[in-house]
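S.K.: Pasting final.txt below, which is compact mmCIF, C-alpha atoms and all ligand atoms.
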# COMPACT_ATOMS: atom_id res chain seq x y z
CA MET A 1 95.98 164.46 81.13
CA SER A 2 95.26 163.58 77.49
CA ALA A 3 93.77 166.22 75.20
CA ASN A 4 90.86 163.84 74.84
CA ASN A 5 89.96 164.52 78.46
CA HIS A 6 89.16 168.15 77.62
CA ARG A 7 85.68 168.33 76.07
CA LYS A 8 83.45 171.08 74.79
CA VAL A 9 80.49 169.51 76.55
CA ILE A 10 80.19 166.93 79.29
CA ILE A 11 76.73 165.57 80.06
CA ILE A 12 76.15 163.97 83.45
CA GLY A 13 73.37 161.37 83.46
CA SER A 14 71.69 159.21 80.83
CA GLY A 15 67.96 159.37 81.44
CA PRO A 16 65.77 160.99 78.76
CA ALA A 17 67.25 164.43 79.57
CA GLY A 18 70.90 163.37 79.35
CA LEU A 19 70.43 161.34 76.18
CA ALA A 20 68.37 164.04 74.43
CA ALA A 21 71.12 166.53 75.37
CA SER A 22 73.69 164.06 73.99
CA ILE A 23 71.85 163.65 70.67
CA TYR A 24 71.48 167.41 70.16
CA SER A 25 75.06 168.17 71.26
CA ALA A 26 76.49 165.51 68.98
CA ARG A 27 74.50 166.80 66.02
CA ALA A 28 75.84 170.29 66.75
CA ASN A 29 79.40 168.92 66.44
CA LEU A 30 80.19 169.43 70.12
CA ASN A 31 81.69 165.89 70.44
CA PRO A 32 79.93 165.33 73.76
CA LEU A 33 81.01 162.99 76.48
CA CYS A 34 78.09 161.52 78.41
CA ILE A 35 79.00 160.10 81.81
CA GLU A 36 75.96 157.91 82.07
CA GLY A 37 76.09 156.89 85.72
CA PHE A 38 76.54 153.52 87.37
CA ASN A 39 74.59 153.34 90.62
CA ALA A 40 74.76 156.77 92.27
CA GLY A 41 71.75 157.32 94.51
CA GLY A 42 70.25 153.99 93.45
CA LEU A 43 69.78 155.23 89.88
CA ILE A 44 71.34 153.39 86.94
CA PRO A 45 72.28 154.12 83.31
CA GLY A 46 69.05 154.87 81.46
CA GLY A 47 67.55 156.46 84.58
CA GLN A 48 64.15 156.03 86.17
CA LEU A 49 62.47 154.43 83.16
CA MET A 50 64.73 151.40 83.60
CA PHE A 51 62.56 150.56 86.62
CA THR A 52 59.26 150.47 84.77
CA SER A 53 57.62 148.04 82.41
CA ASP A 54 55.21 149.60 79.93
CA VAL A 55 55.44 153.22 78.80
CA GLU A 56 52.35 154.29 76.85
CA ASN A 57 52.73 158.06 76.82
CA TYR A 58 55.98 158.70 74.96
CA PRO A 59 54.97 160.09 71.55
CA GLY A 60 55.86 157.79 68.69
CA TYR A 61 55.46 154.61 70.73
CA GLU A 62 52.00 153.30 71.52
CA LYS A 63 53.59 150.91 73.96
CA ILE A 64 57.24 150.24 74.73
CA THR A 65 59.04 149.00 77.81
CA GLY A 66 61.08 151.58 79.72
CA PRO A 67 64.39 149.72 79.15
CA ASP A 68 63.69 149.35 75.37
CA LEU A 69 62.92 153.06 75.07
CA MET A 70 66.12 154.00 76.89
CA GLN A 71 68.22 151.57 74.82
CA LYS A 72 66.87 153.22 71.64
CA MET A 73 67.77 156.68 72.99
CA ARG A 74 71.25 155.47 73.97
CA ASP A 75 71.84 153.86 70.56
CA GLN A 76 70.74 157.08 68.86
CA ALA A 77 73.06 159.19 71.06
CA GLU A 78 76.02 156.90 70.24
CA HIS A 79 75.12 156.74 66.56
CA GLN A 80 75.17 160.55 66.41
CA GLY A 81 78.66 160.58 67.90
CA THR A 82 78.33 160.76 71.68
CA GLU A 83 81.03 159.01 73.67
CA ILE A 84 79.50 157.27 76.66
CA ILE A 85 81.29 156.26 79.85
CA THR A 86 79.54 153.97 82.31
CA ALA A 87 80.50 155.46 85.67
CA ASP A 88 79.35 157.88 88.33
CA VAL A 89 80.76 161.37 88.54
CA SER A 90 82.34 161.56 91.99
CA ARG A 91 83.17 165.27 92.22
CA VAL A 92 82.90 168.50 90.25
CA ASP A 93 84.51 171.92 90.49
CA PHE A 94 82.60 174.69 88.78
CA SER A 95 84.56 177.52 90.42
CA GLN A 96 86.59 178.24 87.28
CA ARG A 97 86.65 177.37 83.59
CA PRO A 98 87.31 174.91 82.14
CA PHE A 99 85.07 173.08 84.59
CA LYS A 100 86.46 170.03 86.34
CA VAL A 101 84.57 166.73 86.48
CA TRP A 102 86.04 163.70 88.22
CA VAL A 103 85.24 160.04 87.81
CA ASP A 104 87.14 158.70 90.79
CA ASP A 105 90.77 159.71 90.04
CA ASP A 106 90.16 160.47 86.38
CA LEU A 107 89.81 164.18 85.73
CA TYR A 108 87.86 165.55 82.75
CA LEU A 109 87.73 169.19 81.73
CA ALA A 110 84.69 170.74 80.10
CA ASP A 111 83.93 174.11 78.52
CA ALA A 112 80.26 173.54 79.29
CA VAL A 113 78.48 171.02 81.49
CA ILE A 114 74.92 169.72 81.18
CA ILE A 115 73.54 168.21 84.36
CA ALA A 116 70.86 165.54 83.94
CA THR A 117 71.19 163.53 87.13
CA GLY A 118 67.44 163.15 87.68
CA ALA A 119 65.55 162.44 90.85
CA ARG A 120 64.61 159.33 92.79
CA ALA A 121 61.05 158.57 93.86
CA ASN A 122 60.73 158.03 97.61
CA TYR A 123 59.01 154.84 98.71
CA LEU A 124 57.72 153.62 102.06
CA GLY A 125 60.40 150.95 102.44
CA LEU A 126 58.13 147.92 102.92
CA GLU A 127 59.22 144.53 101.59
CA SER A 128 55.78 143.89 100.06
CA GLU A 129 55.95 147.29 98.35
CA GLU A 130 59.31 146.39 96.80
CA GLN A 131 57.98 143.02 95.62
CA LEU A 132 54.94 144.62 93.96
CA LYS A 133 56.67 147.51 92.16
CA ASN A 134 55.39 147.52 88.56
CA LYS A 135 52.66 145.10 89.66
CA GLY A 136 50.40 147.78 91.06
CA VAL A 137 52.83 149.77 93.21
CA SER A 138 53.75 153.02 91.48
CA ALA A 139 55.13 156.45 92.29
CA CYS A 140 53.56 158.18 89.29
CA ALA A 141 49.81 158.54 88.74
CA VAL A 142 50.21 160.28 85.39
CA CYS A 143 52.44 157.42 84.19
CA ASP A 144 50.50 154.43 85.51
CA GLY A 145 46.98 155.61 86.46
CA ALA A 146 45.49 154.65 83.08
CA PHE A 147 46.40 150.99 83.71
CA PHE A 148 43.84 151.03 86.56
CA ARG A 149 40.85 152.66 84.85
CA ASN A 150 37.56 152.02 86.71
CA MET A 151 39.35 150.16 89.51
CA PRO A 152 39.80 151.18 93.16
CA VAL A 153 43.26 152.51 94.08
CA ALA A 154 45.06 153.95 97.10
CA VAL A 155 47.29 157.02 97.31
CA VAL A 156 49.73 157.49 100.20
CA GLY A 157 50.84 160.95 101.31
CA GLY A 158 49.69 164.29 102.64
CA GLY A 159 51.41 166.99 100.60
CA ASP A 160 50.47 168.79 97.40
CA THR A 161 51.72 165.90 95.24
CA ALA A 162 49.49 163.41 97.05
CA MET A 163 46.49 165.73 96.59
CA GLU A 164 47.26 166.13 92.91
CA GLU A 165 47.74 162.40 92.38
CA ALA A 166 44.49 161.59 94.21
CA HIS A 167 42.57 164.17 92.22
CA TYR A 168 44.06 162.99 88.92
CA LEU A 169 43.26 159.35 89.70
CA SER A 170 39.68 160.18 90.71
CA GLY A 171 39.10 161.08 87.06
CA LEU A 172 40.14 157.58 85.98
CA CYS A 173 39.53 155.14 88.81
CA SER A 174 36.33 153.97 90.50
CA LYS A 175 37.46 155.08 93.97
CA VAL A 176 40.57 156.59 95.55
CA THR A 177 41.50 155.90 99.17
CA LEU A 178 43.92 158.58 100.36
CA VAL A 179 46.02 157.36 103.27
CA HIS A 180 47.59 159.99 105.48
CA ARG A 181 49.61 159.45 108.65
CA ARG A 182 48.44 162.64 110.36
CA GLU A 183 45.18 164.34 111.18
CA GLU A 184 45.94 167.39 109.05
CA PHE A 185 47.37 167.76 105.59
CA ARG A 186 50.59 169.63 104.75
CA ALA A 187 49.16 170.53 101.35
CA SER A 188 47.77 173.95 100.50
CA LYS A 189 44.17 174.68 101.53
CA THR A 190 42.96 174.91 97.92
CA MET A 191 44.34 171.46 97.10
CA VAL A 192 42.96 169.96 100.32
CA ASP A 193 39.49 171.46 99.69
CA ARG A 194 39.48 170.06 96.18
CA VAL A 195 40.20 166.59 97.54
CA LEU A 196 37.77 166.78 100.47
CA ASN A 197 34.98 167.89 98.14
CA ASN A 198 35.63 165.10 95.67
CA PRO A 199 33.04 162.33 96.20
CA LYS A 200 35.34 159.69 94.69
CA ILE A 201 38.11 160.26 97.23
CA GLU A 202 37.90 158.83 100.75
CA VAL A 203 40.52 160.06 103.21
CA VAL A 204 41.82 157.73 105.92
CA TYR A 205 43.62 159.84 108.56
CA ASN A 206 46.14 158.84 111.22
CA SER A 207 47.02 155.71 109.29
CA VAL A 208 49.96 154.11 107.51
CA VAL A 209 50.27 151.23 105.06
CA ASP A 210 51.48 148.27 107.08
CA GLN A 211 51.58 145.88 104.15
CA VAL A 212 50.74 145.82 100.47
CA LEU A 213 48.59 142.77 99.81
CA GLY A 214 48.86 140.46 96.79
CA VAL A 215 52.50 139.28 96.82
CA ASP A 216 51.35 135.66 96.22
CA GLN A 217 49.24 136.67 93.23
CA GLU A 218 52.04 138.92 91.96
CA LYS A 219 49.68 141.91 91.74
CA VAL A 220 48.32 144.39 94.24
CA THR A 221 45.01 143.20 95.68
CA GLY A 222 44.78 145.58 98.63
CA VAL A 223 46.53 147.53 101.34
CA ARG A 224 46.60 146.73 105.06
CA LEU A 225 46.25 150.00 106.94
CA LYS A 226 47.30 150.52 110.54
CA ASN A 227 45.65 153.24 112.58
CA LEU A 228 48.45 154.97 114.50
CA LYS A 229 46.15 155.96 117.37
CA THR A 230 44.48 152.59 118.00
CA ASN A 231 46.93 150.18 116.29
CA ALA A 232 43.90 148.53 114.67
CA THR A 233 44.47 147.17 111.15
CA THR A 234 42.01 147.24 108.25
CA ASP A 235 42.36 145.68 104.79
CA VAL A 236 41.20 147.88 101.93
CA PRO A 237 40.81 146.15 98.54
CA VAL A 238 42.58 148.14 95.81
CA ASN A 239 44.28 147.26 92.53
CA ALA A 240 47.09 149.77 92.86
CA MET A 241 48.95 151.80 95.45
CA PHE A 242 50.42 155.15 94.41
CA VAL A 243 53.15 156.37 96.75
CA ALA A 244 53.20 160.17 96.74
CA ILE A 245 55.67 161.07 99.49
CA GLY A 246 58.06 163.07 97.34
CA HIS A 247 61.19 162.64 95.27
CA THR A 248 64.85 163.19 96.07
CA PRO A 249 66.68 165.24 93.42
CA MET A 250 70.20 163.97 92.69
CA THR A 251 72.01 167.18 93.59
CA GLU A 252 74.50 166.08 96.25
CA LEU A 253 77.42 166.59 93.84
CA PHE A 254 76.54 170.23 93.33
CA VAL A 255 75.91 171.38 96.89
CA GLY A 256 77.74 174.65 97.55
CA GLN A 257 78.46 175.14 93.83
CA LEU A 258 75.04 175.70 92.28
CA GLU A 259 72.00 177.46 93.69
CA THR A 260 69.09 175.24 94.65
CA HIS A 261 65.46 175.86 95.55
CA PRO A 262 64.48 175.31 99.21
CA ASN A 263 63.23 171.82 98.19
CA GLY A 264 66.71 170.88 96.93
CA TYR A 265 66.04 171.02 93.17
CA LEU A 266 68.56 172.91 91.01
CA LYS A 267 67.62 176.46 90.16
CA THR A 268 67.46 177.41 86.49
CA VAL A 269 66.65 180.76 84.95
CA PRO A 270 62.96 180.48 83.97
CA GLY A 271 62.48 179.65 80.29
CA SER A 272 66.06 178.33 79.99
CA THR A 273 68.33 175.66 81.43
CA ARG A 274 70.94 178.12 82.72
CA THR A 275 72.02 177.51 86.30
CA SER A 276 73.62 179.97 88.72
CA VAL A 277 77.03 179.25 87.12
CA GLU A 278 77.53 180.49 83.57
CA GLY A 279 78.28 177.56 81.27
CA VAL A 280 76.57 174.98 83.48
CA PHE A 281 73.10 173.91 82.38
CA ALA A 282 70.53 171.68 84.08
CA SER A 283 67.79 169.61 82.49
CA GLY A 284 65.20 166.99 83.40
CA ASP A 285 63.89 165.98 86.81
CA VAL A 286 66.89 167.36 88.73
CA GLN A 287 65.43 170.83 88.11
CA ASP A 288 61.73 169.98 87.67
CA TRP A 289 59.47 168.79 90.48
CA VAL A 290 56.31 169.79 88.64
CA TYR A 291 56.03 167.75 85.43
CA ARG A 292 58.43 164.83 86.03
CA GLN A 293 57.84 163.03 82.71
CA ALA A 294 60.16 161.45 80.15
CA ILE A 295 58.97 163.81 77.44
CA THR A 296 59.52 166.94 79.52
CA ALA A 297 62.93 165.66 80.62
CA ALA A 298 63.89 165.01 76.98
CA GLY A 299 62.52 168.44 76.04
CA THR A 300 64.69 170.23 78.59
CA GLY A 301 67.65 168.03 77.57
CA CYS A 302 67.23 169.43 74.05
CA MET A 303 67.00 172.95 75.50
CA ALA A 304 70.20 172.42 77.50
CA ALA A 305 72.14 171.33 74.42
CA LEU A 306 70.88 174.35 72.46
CA ASP A 307 71.65 176.69 75.37
CA ALA A 308 75.15 175.19 75.69
CA GLU A 309 75.82 175.45 71.96
CA ARG A 310 74.73 179.09 71.85
CA TRP A 311 76.69 179.94 74.96
CA LEU A 312 79.85 178.28 73.59
CA SER A 313 79.40 180.12 70.28
CA ALA A 314 79.07 183.41 72.11
CA GLN A 315 82.33 182.63 73.94
CA GLY A 316 83.97 182.22 70.56
CA GLY A 317 85.02 178.70 71.43
CA HIS A 318 82.82 176.91 68.97
C1 LIG B 1 58.61 153.60 88.11
C2 LIG B 1 58.53 154.83 87.22
C3 LIG B 1 57.72 154.81 86.12
C4 LIG B 1 57.66 155.93 85.28
N1 LIG B 1 56.85 155.87 84.17
C5 LIG B 1 56.83 156.91 83.32
C6 LIG B 1 56.06 156.86 82.12
O1 LIG B 1 55.35 155.87 81.86
N2 LIG B 1 56.09 157.94 81.31
C7 LIG B 1 56.84 159.06 81.59
O2 LIG B 1 56.86 159.99 80.78
N3 LIG B 1 57.58 159.14 82.71
C8 LIG B 1 57.59 158.10 83.58
N4 LIG B 1 58.32 158.18 84.73
C9 LIG B 1 59.06 159.42 85.01
C10 LIG B 1 60.35 159.47 84.16
O3 LIG B 1 61.02 158.26 84.30
C11 LIG B 1 61.21 160.63 84.57
O4 LIG B 1 60.49 161.84 84.49
C12 LIG B 1 62.46 160.74 83.68
O5 LIG B 1 63.15 159.52 83.66
C13 LIG B 1 63.38 161.85 84.12
O6 LIG B 1 64.47 161.85 83.29
P1 LIG B 1 65.87 162.49 83.66
O7 LIG B 1 66.72 162.30 82.45
O8 LIG B 1 65.68 163.85 84.17
O9 LIG B 1 66.46 161.66 84.87
P2 LIG B 1 66.50 160.14 85.28
O10 LIG B 1 65.68 159.28 84.41
O11 LIG B 1 66.22 160.15 86.73
O12 LIG B 1 68.04 159.75 85.03
C14 LIG B 1 69.06 160.29 85.80
C15 LIG B 1 70.38 159.76 85.28
O13 LIG B 1 71.44 160.41 85.98
C16 LIG B 1 72.40 159.44 86.35
N5 LIG B 1 73.17 159.93 87.50
C17 LIG B 1 72.73 160.29 88.74
N6 LIG B 1 73.76 160.65 89.51
C18 LIG B 1 74.88 160.54 88.73
C19 LIG B 1 76.27 160.76 88.94
N7 LIG B 1 76.76 161.17 90.13
N8 LIG B 1 77.13 160.55 87.92
C20 LIG B 1 76.68 160.15 86.70
N9 LIG B 1 75.37 159.90 86.44
C21 LIG B 1 74.50 160.10 87.45
C22 LIG B 1 71.59 158.19 86.63
O14 LIG B 1 72.39 157.02 86.55
C23 LIG B 1 70.58 158.28 85.48
O15 LIG B 1 71.16 157.76 84.32
C24 LIG B 1 58.40 157.09 85.59
C25 LIG B 1 59.22 157.11 86.72
C26 LIG B 1 59.30 155.99 87.53
C27 LIG B 1 60.20 156.01 88.74
Here is the file; what I need is its structure written in the form of structure tokens.
M.R.:
Amino acid sequence: MSANNHRKVIIIGSGPAGLAASIYSARANLNPLCIEGFNAGGLIPGGQLMFTSDVENYPGYEKITGPDLMQKMRDQAEHQGTEIITADVSRVDFSQRPFKVWVDDDLYLADAVIIATGARANYLGLESEEQLKNKGVSACAVCDGAFFRNMPVAVVGGGDTAMEEAHYLSGLCSKVTLVHRREEFRASKTMVDRVLNNPKIEVVYNSVVDQVLGVDQEKVTGVRLKNLKTNATTDVPVNAMFVAIGHTPMTELFVGQLETHPNGYLKTVPGSTRTSVEGVFASGDVQDWVYRQAITAAGTGCMAALDAERWLSAQGGH
């Protein structure tokens, strides 16, 4: 192994969290290596924002496309001195220090590791849904709801996230149709009551989205709902469909090595990015199922770099 394969800090992932961690680590003279990903879990270098068109809520940019924003972050990380490798990490061993990180057969050693592998939004898996992503199909009301002000929209799901998304959208949109496959919600009673008492939200129970309408017009014009009890279908005119059936955190690599919450997200010590293994830090959506925004991911990426720098200093290695 070359000496170059032993790094003070290795950052896994290149969404807003990984690149913010890279920028801060590079500026702290930690000579970081960012393994930016390739296609693990369906995510790509740049992360989730590579799959969206306009971003209008990242401070400093009134409007920028997701890929442009991520390219700027990547350029900045490289300019500050981050080395970037385009590949997926295939295995890690955090049982002893230096930590081991493999990219296929190539082994890298790290004194500290920052995990920023993100999360993937779950979708229904319909062809029409895939064709209309970014054209009215979204998995993030906070990100895309404002594009549909005063228009009717649909939300799909029955958990707390679906309740939150429906409630949030009711403040912006003319009407929200909440589509749920069962007769009862999984969400907490408080959230359900809030939705049921909201005059702008109509709940359609025992139903699934059979098709998203509008593929020919290249924008969502409605949803075709199928009642699971009667098999009857109904078309509901909407301008957007928000899928709120959860996210999958990209934690497979760390199973058995780092503690996770029951929902699979990485555990961090509250108010920090420290994981259950000293010297391993986690930032962004892989440890956050609450906020799930580019700015919060970048914020925790910054925290992870500062936590890593302070930890390395305390070890006397930096
Ligand atoms: C369609 C869509 C639109 C959105 N719009 C907005 C918006 O307008 N505004 C906003 O603030 N937020 C938006 N979000 C949310 C935002 O994109 C996320 O909160 C943010 O990207 C999370 O950043 P992250 O760095 O934690 O992870 P991610 O962006 O998920 O990036 C994870 C990175 O880890 C890499 N990775 C995963 N596994 C491995 C591995 N084994 N080895 C190496 N690398 C790996 C991936 O390749 C990727 O680079 C949107 C999300 C989606 C899906």
S.K.: Return as a PyMOL selection string every polymer residue, whether protein, DNA or RNA, with at least one atom no more than 7 Å from an atom of ligand LIG 1 (chain B); count all atoms listed in the file.
M.R.: chain A and resi 12-18+35-41+43-49+51-52+54-58+87-90+116-121+134+138-140+143-144+250+253+283-286+292-295+297-298
S.K.: Quick one, how far is atom CA of Lys100 of chain A from atom CA of Phe254 of chain A?
M.R.: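 Calculated distance between atom CA of Lys100 of chain A and atom CA of Phe254 of chain A is 12.1 Å.
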S.K.: Counting all atoms listed in the file, which residue out of A:Lys63, A:His6, A:Arg181, A:Lys200 sits closest to Asn31 of chain A?
M.R.: A:His6
S.K.: Can you pull out every residue within 9 Å of Glu164 of chain A, counting only C-alpha atoms, but drop anything in the same chain fewer than 5 positions away, and send it as a VMD selection string?
M.R.: chain A and resid 159 169 191 195
S.K.: Go through A:Ala240, A:Ala146, A:Ala162, A:Met50 one by one, measure the shortest atom-to-atom distance of each to Val220 of chain A using all atoms listed in the file, and give the residue with the smallest value.
M.R.: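 Checking each of A:Ala240, A:Ala146, A:Ala162, A:Met50 against Val220 of chain A, counting all atoms listed in the file, the winner is A:Ala240.
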S.K.: Let me make sure I understand: among A:Pro32, A:Gly271, A:Pro249, A:Gly125, which one has the smallest atom-to-atom distance to Val209 of chain A if we use all atoms listed in the file?
M.R.: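 Looking at the shortest contact to Val209 of chain A, the residue is A:Gly125.
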S.K.: Record the distance separating atom CA of Gln80 of chain A and atom CA of Ala314 of chain A, expressed in Å with one decimal.
M.R.: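 Distance between the two atoms: 23.9 Å.
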S.K.: Report the distance between atom CA of Cys34 of chain A and atom CA of Ala77 of chain A in Å, rounded to one decimal place.
M.R.: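 Taking atom CA of Cys34 of chain A and atom CA of Ala77 of chain A, their separation equals 9.2 Å.
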S.K.: For segment 215-228 of chain A, what centre and edge lengths in Å (one decimal) does the axis-aligned box get once 8 Å is added on each side of all its listed atoms, as AutoDock Vina command-line options?
M.R.:
--center_x 48.6 --center_y 145.3 --center_z 103.1 --size_x 23.7 --size_y 35.3 --size_z 38.8
S.K.: Measuring between only C-alpha atoms, which one of A:Trp289, A:Val208, A:Leu107, A:Cys302 shows the shortest distance to Thr248 of chain A?
M.R.: A:Trp289
S.K.: Which is closer to Thr260 of chain A than all the others in A:Arg97, A:Val277, A:Phe148, A:Val223, using all atoms listed in the file?
M.R.: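 Closest candidate: A:Val277.
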S.K.: I need the residue nearest Lys135 of chain A from this list: A:Ser276, A:Gln211, A:Asn239, A:Thr190. Use only C-alpha atoms for the distance.
M.R.: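 Of A:Ser276, A:Gln211, A:Asn239, A:Thr190, the one nearest Lys135 of chain A, counting only C-alpha atoms, is A:Asn239.
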S.K.: Set the distance at 9 Å and use only C-alpha atoms: which residues neighbour segment 174-176 of chain A once local chain neighbours fewer than 2 positions away are removed? I'd like the list as a list of chain:residue names.
M.R.: A:Phe148, A:Arg149, A:Asn150, A:Met151, A:Pro152, A:Val153, A:Ala154, A:Val155, A:Ala166, A:His167, A:Leu169, A:Ser170, A:Gly171, A:Leu172, A:Leu178, A:Pro199, A:Lys200, A:Ile201, A:Glu202, A:Val203, A:Val238
S.K.: Which residues come within 6 Å of Gly222 of chain A, counting only C-alpha atoms, excluding same-chain residues fewer than 6 positions away, as a list of chain:residue names?
M.R.: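 What passes the distance filter is A:Leu213, A:Val236, A:Pro237, A:Val238.
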S.K.: Report as an NGL selection string all protein, DNA and RNA residues lying within 8 Å of Asp307 of chain A, evaluated on all atoms listed in the file, omitting residues in the same chain fewer than 3 positions from it.
M.R.: :A and (272-274 or 281 or 303-304 or 310-311)
S.K.: With N, CA and C atoms as the goal, would you fill in the gaps in segment 28-51 of chain A and present it as a short mmCIF file (atom, residue, chain, number, x, y, z; two decimals), in the frame of the given file?
M.R.:
data_model
loop_
_atom_site.label_atom_id
_atom_site.label_comp_id
_atom_site.auth_asym_id
_atom_site.auth_seq_id
_atom_site.Cartn_x
_atom_site.Cartn_y
_atom_site.Cartn_z
N ALA A 28 75.31 168.93 66.89
CA ALA A 28 75.84 170.29 66.75
C ALA A 28 77.37 170.27 66.71
N ASN A 29 77.94 169.05 66.54
CA ASN A 29 79.40 168.92 66.44
C ASN A 29 80.14 169.29 67.71
N LEU A 30 79.53 169.07 68.85
CA LEU A 30 80.19 169.43 70.12
C LEU A 30 80.97 168.24 70.71
N ASN A 31 80.99 167.12 69.99
CA ASN A 31 81.69 165.89 70.44
C ASN A 31 81.45 165.60 71.92
N PRO A 32 80.21 165.44 72.32
CA PRO A 32 79.93 165.33 73.76
C PRO A 32 80.42 164.02 74.39
N LEU A 33 80.74 164.16 75.66
CA LEU A 33 81.01 162.99 76.48
C LEU A 33 79.85 162.88 77.45
N CYS A 34 79.18 161.73 77.45
CA CYS A 34 78.09 161.52 78.41
C CYS A 34 78.58 160.54 79.47
N ILE A 35 78.64 161.00 80.70
CA ILE A 35 79.00 160.10 81.81
C ILE A 35 77.66 159.58 82.34
N GLU A 36 77.36 158.35 81.98
CA GLU A 36 75.96 157.91 82.07
C GLU A 36 75.51 157.43 83.45
N GLY A 37 76.46 157.36 84.39
CA GLY A 37 76.09 156.89 85.72
C GLY A 37 76.38 155.41 85.86
N PHE A 38 76.35 154.95 87.09
CA PHE A 38 76.54 153.52 87.37
C PHE A 38 75.51 153.09 88.41
N ASN A 39 75.64 153.62 89.63
CA ASN A 39 74.59 153.34 90.62
C ASN A 39 74.44 154.44 91.66
N ALA A 40 74.87 155.66 91.32
CA ALA A 40 74.76 156.77 92.27
C ALA A 40 73.31 156.97 92.68
N GLY A 41 73.09 157.06 93.97
CA GLY A 41 71.75 157.32 94.51
C GLY A 41 70.73 156.25 94.17
N GLY A 42 71.20 155.06 93.79
CA GLY A 42 70.25 153.99 93.45
C GLY A 42 69.74 154.11 92.03
N LEU A 43 70.18 155.13 91.29
CA LEU A 43 69.78 155.23 89.88
C LEU A 43 70.82 154.51 89.02
N ILE A 44 70.43 154.15 87.80
CA ILE A 44 71.34 153.39 86.94
C ILE A 44 71.35 154.02 85.55
N PRO A 45 72.30 153.60 84.68
CA PRO A 45 72.28 154.12 83.31
C PRO A 45 70.90 153.91 82.69
N GLY A 46 70.41 154.94 82.02
CA GLY A 46 69.05 154.87 81.46
C GLY A 46 68.05 155.57 82.37
N GLY A 47 68.38 155.69 83.66
CA GLY A 47 67.55 156.46 84.58
C GLY A 47 66.30 155.75 85.04
N GLN A 48 65.35 156.56 85.49
CA GLN A 48 64.15 156.03 86.17
C GLN A 48 63.32 155.08 85.32
N LEU A 49 63.32 155.29 84.00
CA LEU A 49 62.47 154.43 83.16
C LEU A 49 62.98 152.99 83.10
N MET A 50 64.21 152.77 83.56
CA MET A 50 64.73 151.40 83.60
C MET A 50 63.98 150.57 84.64
N PHE A 51 63.26 151.27 85.54
CA PHE A 51 62.56 150.56 86.62
C PHE A 51 61.08 150.35 86.30
#
